[in-house]
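A.B. asks: Quick one, final-v7.cif (mmCIF, C-alpha atoms and all ligand atoms):
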```cif
data_upload
#
loop_
_atom_site.label_atom_id
_atom_site.label_comp_id
_atom_site.auth_asym_id
_atom_site.auth_seq_id
_atom_site.Cartn_x
_atom_site.Cartn_y
_atom_site.Cartn_z
CA MET A 16 -32.06 -27.22 55.03
CA ILE A 17 -34.78 -28.73 57.19
CA GLN A 18 -37.29 -26.19 58.48
CA HIS A 19 -38.71 -26.92 61.89
CA ASP A 20 -39.80 -25.15 65.01
CA ARG A 21 -36.91 -25.35 67.45
CA SER A 22 -39.02 -24.28 70.43
CA THR A 23 -41.22 -27.37 70.55
CA VAL A 24 -40.97 -31.15 70.41
CA THR A 25 -43.65 -33.82 70.20
CA LEU A 26 -43.06 -36.61 72.68
CA MET A 27 -44.96 -39.54 71.20
CA GLU A 28 -45.94 -41.97 73.93
CA VAL A 29 -45.48 -45.63 73.00
CA ALA A 30 -45.80 -47.36 76.39
CA PRO A 31 -49.26 -48.69 75.44
CA ARG A 32 -47.69 -50.50 72.46
CA ASP A 33 -43.94 -51.10 72.80
CA GLY A 34 -44.12 -51.10 76.60
CA PHE A 35 -47.21 -53.22 77.18
CA GLN A 36 -46.14 -55.79 74.58
CA SER A 37 -43.01 -56.51 76.64
CA ILE A 38 -45.22 -57.99 79.37
CA ALA A 39 -45.93 -61.60 78.43
CA GLU A 40 -48.98 -62.16 80.67
CA PRO A 41 -51.97 -60.20 79.26
CA LEU A 42 -52.85 -57.30 81.55
CA PRO A 43 -56.45 -56.55 82.52
CA THR A 44 -57.88 -54.25 79.84
CA GLY A 45 -59.21 -51.89 82.51
CA ASP A 46 -55.73 -51.40 83.99
CA LYS A 47 -54.35 -50.53 80.56
CA ILE A 48 -57.18 -48.08 79.92
CA ALA A 49 -56.63 -46.40 83.30
CA ALA A 50 -52.89 -45.90 82.62
CA ILE A 51 -53.56 -44.60 79.09
CA GLN A 52 -56.16 -42.18 80.49
CA LEU A 53 -53.60 -40.74 82.94
CA LEU A 54 -51.14 -40.26 80.07
CA ILE A 55 -53.76 -38.36 78.08
CA ASP A 56 -54.64 -36.29 81.16
CA SER A 57 -50.98 -35.29 81.51
CA GLY A 58 -51.12 -33.61 78.11
CA VAL A 59 -49.45 -36.20 75.88
CA LYS A 60 -50.17 -35.03 72.32
CA ARG A 61 -49.43 -38.19 70.34
CA MET A 62 -49.60 -41.81 71.33
CA GLU A 63 -49.26 -45.27 69.85
CA LEU A 64 -52.34 -46.79 71.42
CA GLY A 65 -51.40 -50.36 70.58
CA SER A 66 -51.10 -52.59 67.57
CA PHE A 67 -53.36 -54.58 65.29
CA VAL A 68 -51.14 -57.64 65.06
CA SER A 69 -51.70 -61.36 65.23
CA PRO A 70 -52.82 -62.18 68.79
CA LYS A 71 -50.78 -65.35 68.43
CA ALA A 72 -47.63 -63.26 67.87
CA ILE A 73 -48.40 -60.77 70.68
CA PRO A 74 -51.12 -62.05 73.04
CA GLN A 75 -50.86 -58.79 75.01
CA MET A 76 -52.50 -56.98 72.06
CA GLY A 77 -55.46 -59.38 72.00
CA ASP A 78 -57.76 -56.69 73.47
CA MET A 79 -56.74 -54.02 70.96
CA ALA A 80 -60.26 -53.72 69.53
CA ASP A 81 -61.68 -53.02 73.02
CA ILE A 82 -59.04 -50.42 73.81
CA ALA A 83 -59.54 -48.83 70.40
CA ALA A 84 -63.31 -48.67 70.98
CA HIS A 85 -62.81 -47.08 74.40
CA PHE A 86 -60.63 -44.23 73.10
CA ARG A 87 -62.30 -43.65 69.73
CA GLY A 88 -63.11 -39.97 69.37
CA GLU A 89 -60.59 -38.89 72.02
CA ASP A 90 -59.55 -35.55 70.61
CA ARG A 91 -56.96 -34.34 73.11
CA CYS A 92 -54.35 -36.76 71.82
CA ARG A 93 -53.56 -37.93 68.29
CA MET A 94 -53.82 -41.71 68.46
CA SER A 95 -51.91 -44.01 66.13
CA VAL A 96 -51.91 -47.78 65.91
CA LEU A 97 -49.06 -49.97 64.73
CA ILE A 98 -49.66 -52.46 61.92
CA PRO A 99 -47.37 -55.09 60.36
CA ASN A 100 -49.46 -55.81 57.25
CA VAL A 101 -52.54 -54.88 55.25
CA LYS A 102 -54.78 -56.99 57.50
CA GLY A 103 -53.73 -54.75 60.39
CA ALA A 104 -54.63 -51.69 58.33
CA GLU A 105 -58.06 -53.08 57.56
CA LEU A 106 -58.73 -53.84 61.23
CA ALA A 107 -57.50 -50.39 62.28
CA LEU A 108 -59.65 -48.59 59.74
CA LYS A 109 -62.67 -50.67 60.73
CA ALA A 110 -62.04 -49.69 64.36
CA GLY A 111 -62.01 -46.02 63.38
CA TYR A 112 -58.25 -45.46 63.53
CA PRO A 113 -56.95 -44.00 60.26
CA ASP A 114 -53.60 -42.98 61.80
CA LEU A 115 -51.38 -45.93 60.91
CA VAL A 116 -47.80 -46.81 61.81
CA PHE A 117 -46.48 -49.44 59.40
CA VAL A 118 -43.34 -51.21 60.59
CA PHE A 119 -40.70 -53.10 58.68
CA SER A 120 -37.03 -53.71 59.44
CA VAL A 121 -34.02 -52.62 57.43
CA SER A 122 -32.27 -55.88 58.30
CA GLU A 123 -33.66 -59.00 56.69
CA SER A 124 -33.24 -61.27 59.72
CA HIS A 125 -35.05 -58.95 62.13
CA ASN A 126 -37.87 -58.45 59.65
CA ARG A 127 -38.31 -62.22 59.33
CA ASN A 128 -38.14 -62.67 63.09
CA ASN A 129 -40.57 -59.85 63.80
CA VAL A 130 -43.19 -60.12 61.07
CA ARG A 131 -42.32 -63.44 59.39
CA GLN A 132 -41.80 -61.87 56.00
CA SER A 133 -38.90 -60.86 53.78
CA VAL A 134 -38.26 -57.14 53.42
CA ASP A 135 -39.58 -57.40 49.84
CA GLN A 136 -42.81 -58.94 51.11
CA SER A 137 -43.16 -56.23 53.76
CA LEU A 138 -42.74 -53.52 51.14
CA GLY A 139 -45.45 -55.27 49.13
CA GLN A 140 -47.66 -55.04 52.22
CA LEU A 141 -46.84 -51.33 52.50
CA ALA A 142 -48.07 -50.79 48.94
CA ASP A 143 -51.30 -52.61 49.85
CA VAL A 144 -51.66 -50.49 52.99
CA VAL A 145 -51.31 -47.29 50.93
CA ALA A 146 -53.98 -48.62 48.59
CA VAL A 147 -56.53 -49.44 51.32
CA ALA A 148 -55.75 -46.47 53.56
CA GLY A 149 -57.34 -43.91 51.26
CA PRO A 150 -56.73 -40.18 51.07
CA ASP A 151 -57.84 -39.34 54.62
CA ALA A 152 -55.52 -41.75 56.40
CA LYS A 153 -52.27 -40.63 57.95
CA LEU A 154 -49.35 -42.96 57.50
CA ARG A 155 -46.07 -43.31 59.35
CA VAL A 156 -43.44 -45.76 58.18
CA ASP A 157 -41.15 -47.11 60.92
CA LEU A 158 -37.76 -48.35 59.71
CA ALA A 159 -36.85 -50.77 62.50
CA THR A 160 -33.17 -51.73 62.99
CA SER A 161 -32.00 -48.49 61.36
CA PHE A 162 -28.85 -48.58 63.47
CA ASP A 163 -28.31 -52.03 64.91
CA CYS A 164 -29.87 -55.45 64.49
CA PRO A 165 -29.95 -58.04 67.27
CA PHE A 166 -29.04 -60.75 64.74
CA GLU A 167 -26.74 -58.92 62.27
CA GLY A 168 -25.03 -56.26 64.43
CA THR A 169 -24.36 -52.78 63.07
CA VAL A 170 -26.64 -52.05 60.11
CA PRO A 171 -24.81 -50.23 57.29
CA LEU A 172 -26.02 -46.71 56.55
CA ASP A 173 -26.33 -47.63 52.87
CA ALA A 174 -28.85 -50.32 53.77
CA VAL A 175 -30.92 -47.75 55.67
CA ARG A 176 -30.79 -45.33 52.73
CA ARG A 177 -31.84 -48.04 50.28
CA ALA A 178 -34.71 -49.21 52.49
CA PHE A 179 -35.84 -45.62 53.02
CA ALA A 180 -35.72 -44.88 49.26
CA ARG A 181 -37.88 -47.92 48.52
CA ALA A 182 -40.42 -47.05 51.22
CA LEU A 183 -40.52 -43.42 50.09
CA GLN A 184 -41.34 -44.44 46.56
CA ILE A 185 -44.32 -46.43 47.83
CA ALA A 186 -45.51 -43.91 50.44
CA PRO A 187 -44.25 -40.47 49.39
CA ASN A 188 -46.52 -38.58 51.81
CA ALA A 189 -45.72 -40.60 54.91
CA GLU A 190 -43.96 -39.58 58.10
CA PHE A 191 -40.76 -41.61 58.47
CA ALA A 192 -39.07 -42.88 61.61
CA LEU A 193 -35.58 -44.24 62.02
CA CYS A 194 -35.83 -46.72 64.87
CA ASP A 195 -33.06 -47.69 67.27
CA THR A 196 -34.73 -51.00 67.99
CA THR A 197 -31.95 -52.35 70.21
CA GLY A 198 -30.95 -49.10 71.93
CA ARG A 199 -27.35 -49.41 70.71
CA ALA A 200 -27.22 -46.19 68.67
CA ASP A 201 -25.08 -43.28 69.82
CA PRO A 202 -25.91 -39.60 69.49
CA LEU A 203 -23.46 -38.71 66.73
CA THR A 204 -24.55 -41.66 64.62
CA VAL A 205 -28.21 -40.74 65.16
CA ALA A 206 -27.49 -37.23 63.89
CA ALA A 207 -25.39 -38.48 60.98
CA ARG A 208 -28.03 -40.98 59.83
CA PHE A 209 -30.86 -38.47 60.00
CA CYS A 210 -28.75 -35.94 58.08
CA ALA A 211 -28.08 -38.58 55.42
CA VAL A 212 -31.68 -39.65 54.87
CA MET A 213 -32.96 -36.07 55.10
CA ALA A 214 -30.47 -35.04 52.42
CA ASP A 215 -31.70 -37.94 50.26
CA ALA A 216 -35.29 -36.65 50.48
CA PRO A 217 -35.45 -32.90 51.12
CA ASP A 218 -39.19 -32.87 50.40
CA VAL A 219 -39.97 -35.11 53.37
CA THR A 220 -40.86 -32.87 56.29
CA LYS A 221 -42.26 -35.33 58.83
CA TRP A 222 -39.60 -37.23 60.74
CA ALA A 223 -39.61 -39.26 63.93
CA PHE A 224 -37.05 -41.03 66.09
CA HIS A 225 -37.88 -44.21 68.01
CA GLY A 226 -35.29 -44.95 70.65
CA HIS A 227 -34.53 -47.45 73.39
CA ASP A 228 -32.24 -46.71 76.32
CA THR A 229 -30.29 -49.96 76.49
CA PHE A 230 -26.86 -48.33 76.44
CA GLY A 231 -27.97 -45.24 78.38
CA MET A 232 -27.85 -43.05 75.27
CA GLY A 233 -31.61 -42.57 74.93
CA VAL A 234 -31.86 -38.96 76.08
CA ALA A 235 -28.74 -37.85 74.21
CA ASN A 236 -29.89 -39.66 71.08
CA ALA A 237 -33.27 -37.91 71.25
CA LEU A 238 -31.66 -34.48 71.69
CA TYR A 239 -29.37 -35.06 68.73
CA ALA A 240 -32.27 -36.29 66.60
CA HIS A 241 -34.26 -33.18 67.50
CA ALA A 242 -31.30 -30.91 66.78
CA THR A 243 -31.10 -32.48 63.34
CA GLY A 244 -34.70 -31.50 62.61
CA VAL A 245 -36.75 -34.42 63.95
CA ASP A 246 -39.90 -33.14 65.63
CA VAL A 247 -41.41 -36.40 66.88
CA ILE A 248 -39.53 -38.34 69.55
CA GLU A 249 -40.93 -41.67 70.75
CA CYS A 250 -40.67 -42.69 74.36
CA ALA A 251 -42.41 -44.75 77.03
CA ALA A 252 -43.59 -43.56 80.42
CA ALA A 253 -41.46 -45.11 83.19
CA GLY A 254 -39.17 -46.50 80.46
CA LEU A 255 -41.39 -49.58 80.34
CA GLY A 256 -40.34 -52.23 77.89
CA GLY A 257 -37.95 -54.67 76.37
CA CYS A 258 -38.84 -55.88 72.88
CA PRO A 259 -39.74 -59.56 72.58
CA PHE A 260 -38.29 -59.40 69.02
CA ALA A 261 -35.05 -57.60 69.95
CA PRO A 262 -33.24 -59.78 72.47
CA GLY A 263 -31.15 -57.73 74.88
CA ALA A 264 -32.96 -54.44 74.33
CA THR A 265 -34.44 -52.58 77.28
CA GLY A 266 -37.41 -50.23 77.22
CA ASN A 267 -37.91 -47.03 75.30
CA THR A 268 -36.33 -43.94 76.76
CA ALA A 269 -38.49 -42.75 79.65
CA THR A 270 -40.94 -40.01 78.66
CA GLU A 271 -40.35 -38.19 81.95
CA ASP A 272 -36.57 -38.13 81.41
CA LEU A 273 -37.05 -36.65 77.93
CA HIS A 274 -39.57 -34.18 79.38
CA PHE A 275 -36.88 -32.95 81.76
CA ALA A 276 -34.19 -32.81 79.06
CA PHE A 277 -36.28 -30.80 76.60
CA GLU A 278 -38.25 -28.56 78.97
CA GLN A 279 -35.22 -27.55 81.03
CA GLY A 280 -33.67 -26.34 77.79
CA GLY A 281 -36.76 -24.31 76.89
CA ILE A 282 -38.23 -26.72 74.35
CA ALA A 283 -41.94 -27.14 75.10
CA THR A 284 -43.70 -30.51 75.15
CA GLY A 285 -47.20 -29.41 76.20
CA ILE A 286 -47.09 -32.06 78.94
CA ASP A 287 -47.49 -31.42 82.69
CA ARG A 288 -44.52 -33.07 84.43
CA ALA A 289 -46.24 -33.81 87.75
CA LYS A 290 -49.18 -35.46 85.98
CA LEU A 291 -46.81 -37.32 83.66
CA LEU A 292 -45.01 -38.73 86.69
CA GLU A 293 -48.35 -39.89 88.12
CA ALA A 294 -49.07 -41.63 84.82
CA ALA A 295 -45.56 -43.13 84.81
CA ASP A 296 -46.20 -44.48 88.33
CA ALA A 297 -49.39 -46.16 87.08
CA VAL A 298 -47.48 -47.67 84.15
CA ALA A 299 -44.71 -48.85 86.49
CA ALA A 300 -47.28 -50.47 88.79
CA LEU A 301 -48.54 -52.80 86.05
CA PRO A 302 -47.54 -56.32 87.04
CA GLY A 303 -44.70 -57.98 85.13
CA GLY A 304 -43.21 -54.86 83.54
CA LYS A 305 -39.57 -53.82 83.59
CA VAL A 306 -39.09 -50.09 84.05
CA ALA A 307 -36.13 -47.71 83.95
CA SER A 308 -36.36 -44.01 84.62
CA HIS A 309 -34.24 -41.41 86.36
CA LEU A 310 -36.89 -38.84 87.13
CA ARG A 311 -39.27 -41.25 88.86
CA ILE A 312 -36.67 -42.01 91.54
CA VAL A 313 -35.73 -38.40 92.21
CA PRO A 314 -37.71 -37.06 95.23
CA ARG A 315 -40.95 -35.92 93.60
CA LYS A 316 -40.79 -32.27 94.60
CA ARG A 317 -37.24 -32.04 93.33
CA ALA A 318 -38.32 -33.58 90.04
CA THR A 319 -41.10 -31.08 89.51
CA THR A 320 -39.80 -27.77 90.87
CA GLY A 321 -36.66 -25.74 90.43
CA GLU A 322 -36.21 -25.15 94.16
CA ALA A 323 -32.92 -25.82 95.92
CA VAL A 324 -32.70 -29.23 97.50
CA ALA A 325 -32.14 -27.76 100.97
CA GLN A 326 -35.51 -25.97 100.80
CA LEU A 327 -37.43 -29.12 99.95
CA ALA A 328 -36.67 -31.10 103.12
N1 LIG A 401 -53.99 -58.53 63.05
C1 LIG A 401 -54.64 -59.58 63.58
N2 LIG A 401 -54.53 -60.84 63.10
C2 LIG A 401 -53.71 -61.02 62.05
C3 LIG A 401 -53.01 -59.98 61.46
C4 LIG A 401 -53.17 -58.68 61.99
N3 LIG A 401 -52.53 -57.63 61.50
N4 LIG A 401 -52.28 -60.47 60.45
C5 LIG A 401 -52.52 -61.77 60.39
N5 LIG A 401 -53.38 -62.11 61.36
C6 LIG A 401 -53.89 -63.45 61.67
C7 LIG A 401 -54.35 -64.22 60.45
O1 LIG A 401 -55.67 -63.91 60.15
C8 LIG A 401 -54.16 -65.64 60.88
O2 LIG A 401 -55.20 -65.99 61.76
P1 LIG A 401 -55.73 -67.51 61.86
O3 LIG A 401 -54.57 -68.34 62.30
O4 LIG A 401 -56.83 -67.41 62.88
O5 LIG A 401 -56.19 -67.84 60.47
C9 LIG A 401 -52.89 -65.59 61.72
O6 LIG A 401 -52.80 -64.22 62.19
C10 LIG A 401 -51.67 -65.94 60.93
O7 LIG A 401 -51.64 -65.16 59.74
P2 LIG A 401 -50.38 -65.11 58.76
O8 LIG A 401 -50.68 -64.16 57.67
O9 LIG A 401 -50.00 -66.53 58.37
O10 LIG A 401 -49.29 -64.47 59.65
P3 LIG A 401 -47.97 -65.08 60.31
O11 LIG A 401 -48.27 -66.19 61.24
O12 LIG A 401 -46.99 -65.32 59.23
O13 LIG A 401 -47.52 -63.81 61.18
C11 LIG A 401 -47.72 -61.42 61.42
C12 LIG A 401 -47.27 -62.57 60.54
C13 LIG A 401 -47.11 -60.17 60.83
C14 LIG A 401 -49.22 -61.34 61.39
C15 LIG A 401 -47.24 -61.66 62.88
O14 LIG A 401 -45.90 -62.07 62.87
C16 LIG A 401 -47.39 -60.42 63.71
O15 LIG A 401 -48.49 -59.99 64.01
N6 LIG A 401 -46.28 -59.81 64.13
C17 LIG A 401 -46.30 -58.60 64.90
C18 LIG A 401 -44.99 -58.45 65.55
C19 LIG A 401 -44.96 -57.19 66.35
O16 LIG A 401 -45.94 -56.56 66.69
N7 LIG A 401 -43.75 -56.79 66.71
C20 LIG A 401 -43.52 -55.63 67.47
C21 LIG A 401 -43.66 -54.40 66.68
S1 LIG A 401 -42.13 -53.80 66.05
ZN ZN A 402 -39.13 -50.31 70.01
#
```
Represent the structure of the file as structure tokens.

C.D. replies:
Amino acid sequence: MIQHDRSTVTLMEVAPRDGFQSIAEPLPTGDKIAAIQLLIDSGVKRMELGSFVSPKAIPQMGDMADIAAHFRGEDRCRMSVLIPNVKGAELALKAGYPDLVFVFSVSESHNRNNVRQSVDQSLGQLADVVAVAGPDAKLRVDLATSFDCPFEGTVPLDAVRRAFARALQIAPNAEFALCDTTGRADPLTVAARFCAVMADAPDVTKWAFHGHDTFGMGVANALYAHATGVDVIECAAAGLGGCPFAPGATGNTATEDLHFAFEQGGIATGIDRAKLLEAADAVAALPGGKVASHLRIVPRKRATTGEAVAQLA
């Protein structure tokens, strides 16, 4: 039985990584910093600030060191950075970011497309990351394509369990995320897959769900993941995104839509909805981004108060 606090959820903001990287033309660093600042001001408790990846693979992350330097020491929000290999870990640690998110894909073809390595090679990199990270580092392992792969279709549950078991052996103290990279998962499958991997490793207590909203299931998927015992739900303000390595996928589920879904049901996020919507507006205003959000298009007062619509005119 998974023990977790049912009255809270951690919405982990990934617009600065998964969202920004969907915009091909590099954005001005100052604009990114301003949007990130608004997200922090809204009360976001965890964030993926960006990624230490090859700037040739993702030119948008070319200013990662500058953004990292700007927010180093920010203590209102726990900042993580995504890494695809040990070089990324070294750069992150040098920049003062010991909170690492290592990503590899369950499906071989997506892993090769995304990080140009076999799954075996990626797991070798994970072992190297554990070795360089040291005892004070925090490590998350993201299992991309845990439900569906843009190149192979539905990913078998057994493949997810095998990949998870291998990663767990290498990084037994990590937080683990099942990632719906393409946004094609459905709520019952999300719950079933988390139940399966949780049953495989009852000692693992830190779980996360990374979801996209391609098929409109993002909010429901997140609620089912949380009901299963997952405390960290990833999302992007304004629903910004569309993965360059997952053709056909749209952005992460909008943070503001998840805020509504959880808070209305009495599950606290620690985030101020009005300020979050301001931050989402700033994210949506970045040139070249594709956004998708329900709450942002609801009249603002209606989105932020419980008053009857007739009284808001
Ligand atoms: N950060 C910055 N630079 C890196 C790097 C990292 N983590 N890893 C490698 N590099 C640099 C190398 O130093 C090398 O630079 P050079 O050409 O100036 O010598 C160059 O990138 C190529 O290195 P190589 O090891 O041959 O990598 P590759 O070309 O096979 O690409 C990855 C592999 C993993 C580095 C690249 O595919 C990548 O960064 N992918 C990230 C994809 C991503 O972020 N996807 C979304 C997240 S799910
Ligand atoms: Zn994603």

A.B. asks: If the limit is 8 Å from any atom of ligand ZN 402 (chain A), counting only C-alpha atoms and all ligand atoms, which residues qualify? Return them as a list in words.

C.D. replies: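 For ligand ZN 402 (chain A), the residues inside 8 Å are Asp33, Ala159, Cys194, Asp195, Thr196, Thr197, His225, Gly226, His227, Gly257, Cys258, Gly266 and Asn267 of chain A.
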
A.B. asks: Enter the distance from CA of Ser124 in chain A to CA of Gln75 in chain A, in Å, rounded to one decimal.

C.D. replies: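 Distance between the two atoms: 23.5 Å.
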
A.B. asks: Taking only residues of range 183-248 of chain A that have an atom at most 12 Å from an atom of range 292-309 of chain A, what is each one's shortest atom pair and its distance in Å to one decimal, using only C-alpha atoms, in chain and number order, as CSV?

C.D. replies:
```
residue,atom,partner,partner_atom,distance
A:His227,CA,A:Ala307,CA,10.7
A:Asp228,CA,A:Ala307,CA,8.6
A:Thr229,CA,A:Ala307,CA,9.7
A:Phe230,CA,A:Ala307,CA,11.9
A:Gly231,CA,A:Ala307,CA,10.2
A:Gly233,CA,A:Ser308,CA,10.9
A:Val234,CA,A:His309,CA,10.8
```

A.B. asks: With 4 Å added on each side, what axis-aligned box encloses every listed atom of ligand LIG 401 (chain A)? Give the centre and edge lengths in Å to one decimal, as AutoDock Vina command-line options.

C.D. replies:
```
--center_x -49.5 --center_y -61.1 --center_z 62.6 --size_x 22.7 --size_y 22.5 --size_z 17.8
```

A.B. asks: Fewer than 3 positions away in the same chain doesn't count, so skip those; otherwise give me all residues within 12 Å of Leu53 in chain A, counting only C-alpha atoms, as a list in words.

C.D. replies: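 That gives Glu28, Pro31, Asp46, Lys47, Ile48, Ala49, Ala50, Asp56, Ser57, Gly58, Val59, Cys92, Ala252, Ile286, Asp287, Arg288, Ala289, Lys290, Leu291, Leu292, Glu293, Ala294, Ala295, Asp296, Ala297 and Val298 of chain A.
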
A.B. asks: Can you measure atom O10 of ligand LIG 401 (chain A) to CA of Ser69 in chain A for me? One decimal in Å is fine.

C.D. replies: 6.8 Å

A.B. asks: Please extract the residues at most 10 Å from ligand LIG 401 (chain A), counting all atoms listed in the file, and provide them as an MDAnalysis selection string, using the chain letters and residue numbers of this document.

C.D. replies: chainID A and resid 32:33 36:37 65:77 79 97:107 116:120 125:132 137 157:160 194 196 258:261

A.B. asks: Export, as a compact mmCIF listing (two decimals), in the frame of the given file, the selected residues with C-alpha atoms.

C.D. replies:
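Resulting contents of selection-v4.txt:
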```txt
# COMPACT_ATOMS: atom_id res chain seq x y z
CA ARG A 32 -47.69 -50.50 72.46
CA ASP A 33 -43.94 -51.10 72.80
CA GLN A 36 -46.14 -55.79 74.58
CA SER A 37 -43.01 -56.51 76.64
CA GLY A 65 -51.40 -50.36 70.58
CA SER A 66 -51.10 -52.59 67.57
CA PHE A 67 -53.36 -54.58 65.29
CA VAL A 68 -51.14 -57.64 65.06
CA SER A 69 -51.70 -61.36 65.23
CA PRO A 70 -52.82 -62.18 68.79
CA LYS A 71 -50.78 -65.35 68.43
CA ALA A 72 -47.63 -63.26 67.87
CA ILE A 73 -48.40 -60.77 70.68
CA PRO A 74 -51.12 -62.05 73.04
CA GLN A 75 -50.86 -58.79 75.01
CA MET A 76 -52.50 -56.98 72.06
CA GLY A 77 -55.46 -59.38 72.00
CA MET A 79 -56.74 -54.02 70.96
CA LEU A 97 -49.06 -49.97 64.73
CA ILE A 98 -49.66 -52.46 61.92
CA PRO A 99 -47.37 -55.09 60.36
CA ASN A 100 -49.46 -55.81 57.25
CA VAL A 101 -52.54 -54.88 55.25
CA LYS A 102 -54.78 -56.99 57.50
CA GLY A 103 -53.73 -54.75 60.39
CA ALA A 104 -54.63 -51.69 58.33
CA GLU A 105 -58.06 -53.08 57.56
CA LEU A 106 -58.73 -53.84 61.23
CA ALA A 107 -57.50 -50.39 62.28
CA VAL A 116 -47.80 -46.81 61.81
CA PHE A 117 -46.48 -49.44 59.40
CA VAL A 118 -43.34 -51.21 60.59
CA PHE A 119 -40.70 -53.10 58.68
CA SER A 120 -37.03 -53.71 59.44
CA HIS A 125 -35.05 -58.95 62.13
CA ASN A 126 -37.87 -58.45 59.65
CA ARG A 127 -38.31 -62.22 59.33
CA ASN A 128 -38.14 -62.67 63.09
CA ASN A 129 -40.57 -59.85 63.80
CA VAL A 130 -43.19 -60.12 61.07
CA ARG A 131 -42.32 -63.44 59.39
CA GLN A 132 -41.80 -61.87 56.00
CA SER A 137 -43.16 -56.23 53.76
CA ASP A 157 -41.15 -47.11 60.92
CA LEU A 158 -37.76 -48.35 59.71
CA ALA A 159 -36.85 -50.77 62.50
CA THR A 160 -33.17 -51.73 62.99
CA CYS A 194 -35.83 -46.72 64.87
CA THR A 196 -34.73 -51.00 67.99
CA CYS A 258 -38.84 -55.88 72.88
CA PRO A 259 -39.74 -59.56 72.58
CA PHE A 260 -38.29 -59.40 69.02
CA ALA A 261 -35.05 -57.60 69.95
```

A.B. asks: Out of A:Phe224, A:Ala207, A:Ala216, A:Ala142, which residue has the shortest atom-to-atom distance to Ile185 in chain A when counting all atoms listed in the file?

C.D. replies: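 Residue with the minimum atom-to-atom distance to Ile185 in chain A: A:Ala142.
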
A.B. asks: Find the residues around Ala206 in chain A up to 10 Å (only C-alpha atoms counted), leave out those fewer than 4 positions away in its own chain, and share them as a PDB file with C-alpha atoms, keeping the file's coordinate frame.

C.D. replies:
```pdb
ATOM      1  CA  ASP A 201     -25.080 -43.280  69.820  1.00  0.00           C
ATOM      2  CA  PRO A 202     -25.910 -39.600  69.490  1.00  0.00           C
ATOM      3  CA  CYS A 210     -28.750 -35.940  58.080  1.00  0.00           C
ATOM      4  CA  ALA A 211     -28.080 -38.580  55.420  1.00  0.00           C
ATOM      5  CA  ASN A 236     -29.890 -39.660  71.080  1.00  0.00           C
ATOM      6  CA  ALA A 237     -33.270 -37.910  71.250  1.00  0.00           C
ATOM      7  CA  LEU A 238     -31.660 -34.480  71.690  1.00  0.00           C
ATOM      8  CA  TYR A 239     -29.370 -35.060  68.730  1.00  0.00           C
ATOM      9  CA  ALA A 240     -32.270 -36.290  66.600  1.00  0.00           C
ATOM     10  CA  HIS A 241     -34.260 -33.180  67.500  1.00  0.00           C
ATOM     11  CA  ALA A 242     -31.300 -30.910  66.780  1.00  0.00           C
ATOM     12  CA  THR A 243     -31.100 -32.480  63.340  1.00  0.00           C
ATOM     13  CA  GLY A 244     -34.700 -31.500  62.610  1.00  0.00           C
ATOM     14  CA  VAL A 245     -36.750 -34.420  63.950  1.00  0.00           C
TER      15      VAL A 245
END
```

A.B. asks: Tell me, in Å to one decimal, how far CA of Leu141 in chain A is from CA of Ala182 in chain A.

C.D. replies: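 So the answer is 7.8 Å.
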
A.B. asks: Which is closest to Ile312 in chain A among A:Met62, A:Glu271, A:Phe162, A:Gly149, if we use only C-alpha atoms?

C.D. replies: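 For Ile312 in chain A, the nearest of the candidates is A:Glu271.
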
A.B. asks: Using all atoms listed in the file, which of A:Leu172, A:Cys164, A:Leu154, A:Val147 sits nearest Gly198 in chain A?

C.D. replies: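 Among the listed residues, the smallest separation from Gly198 in chain A belongs to A:Cys164.
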
A.B. asks: Would you list the contacts of Ala174 in chain A as a PyMOL selection string, taking every protein, DNA or RNA residue within 8 Å and counting only C-alpha atoms, but skipping same-chain residues closer than 4 positions in sequence?

C.D. replies: chain A and resi 121-122+170+178

A.B. asks: Name the closest residue to Gly168 in chain A among the candidates A:Ala283, A:Val219, A:Ala200, A:Ala146; distances are taken between atoms, counting all atoms listed in the file.

C.D. replies: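 Using all atoms listed in the file, the shortest distance to Gly168 in chain A belongs to A:Ala200.
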
A.B. asks: Counting all atoms listed in the file, which residue out of A:Asn188, A:Leu310, A:Asp246, A:Leu255 sits closest to Arg21 in chain A?

C.D. replies: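 Among the listed residues, the smallest separation from Arg21 in chain A belongs to A:Asp246.
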
A.B. asks: Hey, which of A:Gly111, A:Ala323, A:Ile248, A:Gly254 ends up closest to Val24 in chain A? Count all atoms listed in the file.

C.D. replies: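 Ranked by minimum distance to Val24 in chain A, first place goes to A:Ile248.
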
A.B. asks: Please output range 60-64 of chain A, rebuilt to include N, CA and C atoms, as an mmCIF file, in the coordinates of the input.

C.D. replies:
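Once written, result_36.cif looks like this:
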```cif
data_model
loop_
_atom_site.group_PDB
_atom_site.id
_atom_site.type_symbol
_atom_site.label_atom_id
_atom_site.label_comp_id
_atom_site.auth_asym_id
_atom_site.auth_seq_id
_atom_site.Cartn_x
_atom_site.Cartn_y
_atom_site.Cartn_z
ATOM 1 N N LYS A 60 -49.496 -35.483 73.541
ATOM 2 C CA LYS A 60 -50.170 -35.030 72.320
ATOM 3 C C LYS A 60 -50.275 -36.109 71.245
ATOM 4 N N ARG A 61 -49.347 -37.066 71.295
ATOM 5 C CA ARG A 61 -49.430 -38.190 70.340
ATOM 6 C C ARG A 61 -49.125 -39.473 71.081
ATOM 7 N N MET A 62 -49.773 -40.535 70.653
ATOM 8 C CA MET A 62 -49.600 -41.810 71.330
ATOM 9 C C MET A 62 -49.761 -42.958 70.338
ATOM 10 N N GLU A 63 -48.982 -44.018 70.555
ATOM 11 C CA GLU A 63 -49.260 -45.270 69.850
ATOM 12 C C GLU A 63 -50.105 -46.083 70.819
ATOM 13 N N LEU A 64 -51.375 -46.216 70.487
ATOM 14 C CA LEU A 64 -52.340 -46.790 71.420
ATOM 15 C C LEU A 64 -52.187 -48.295 71.556
#
```
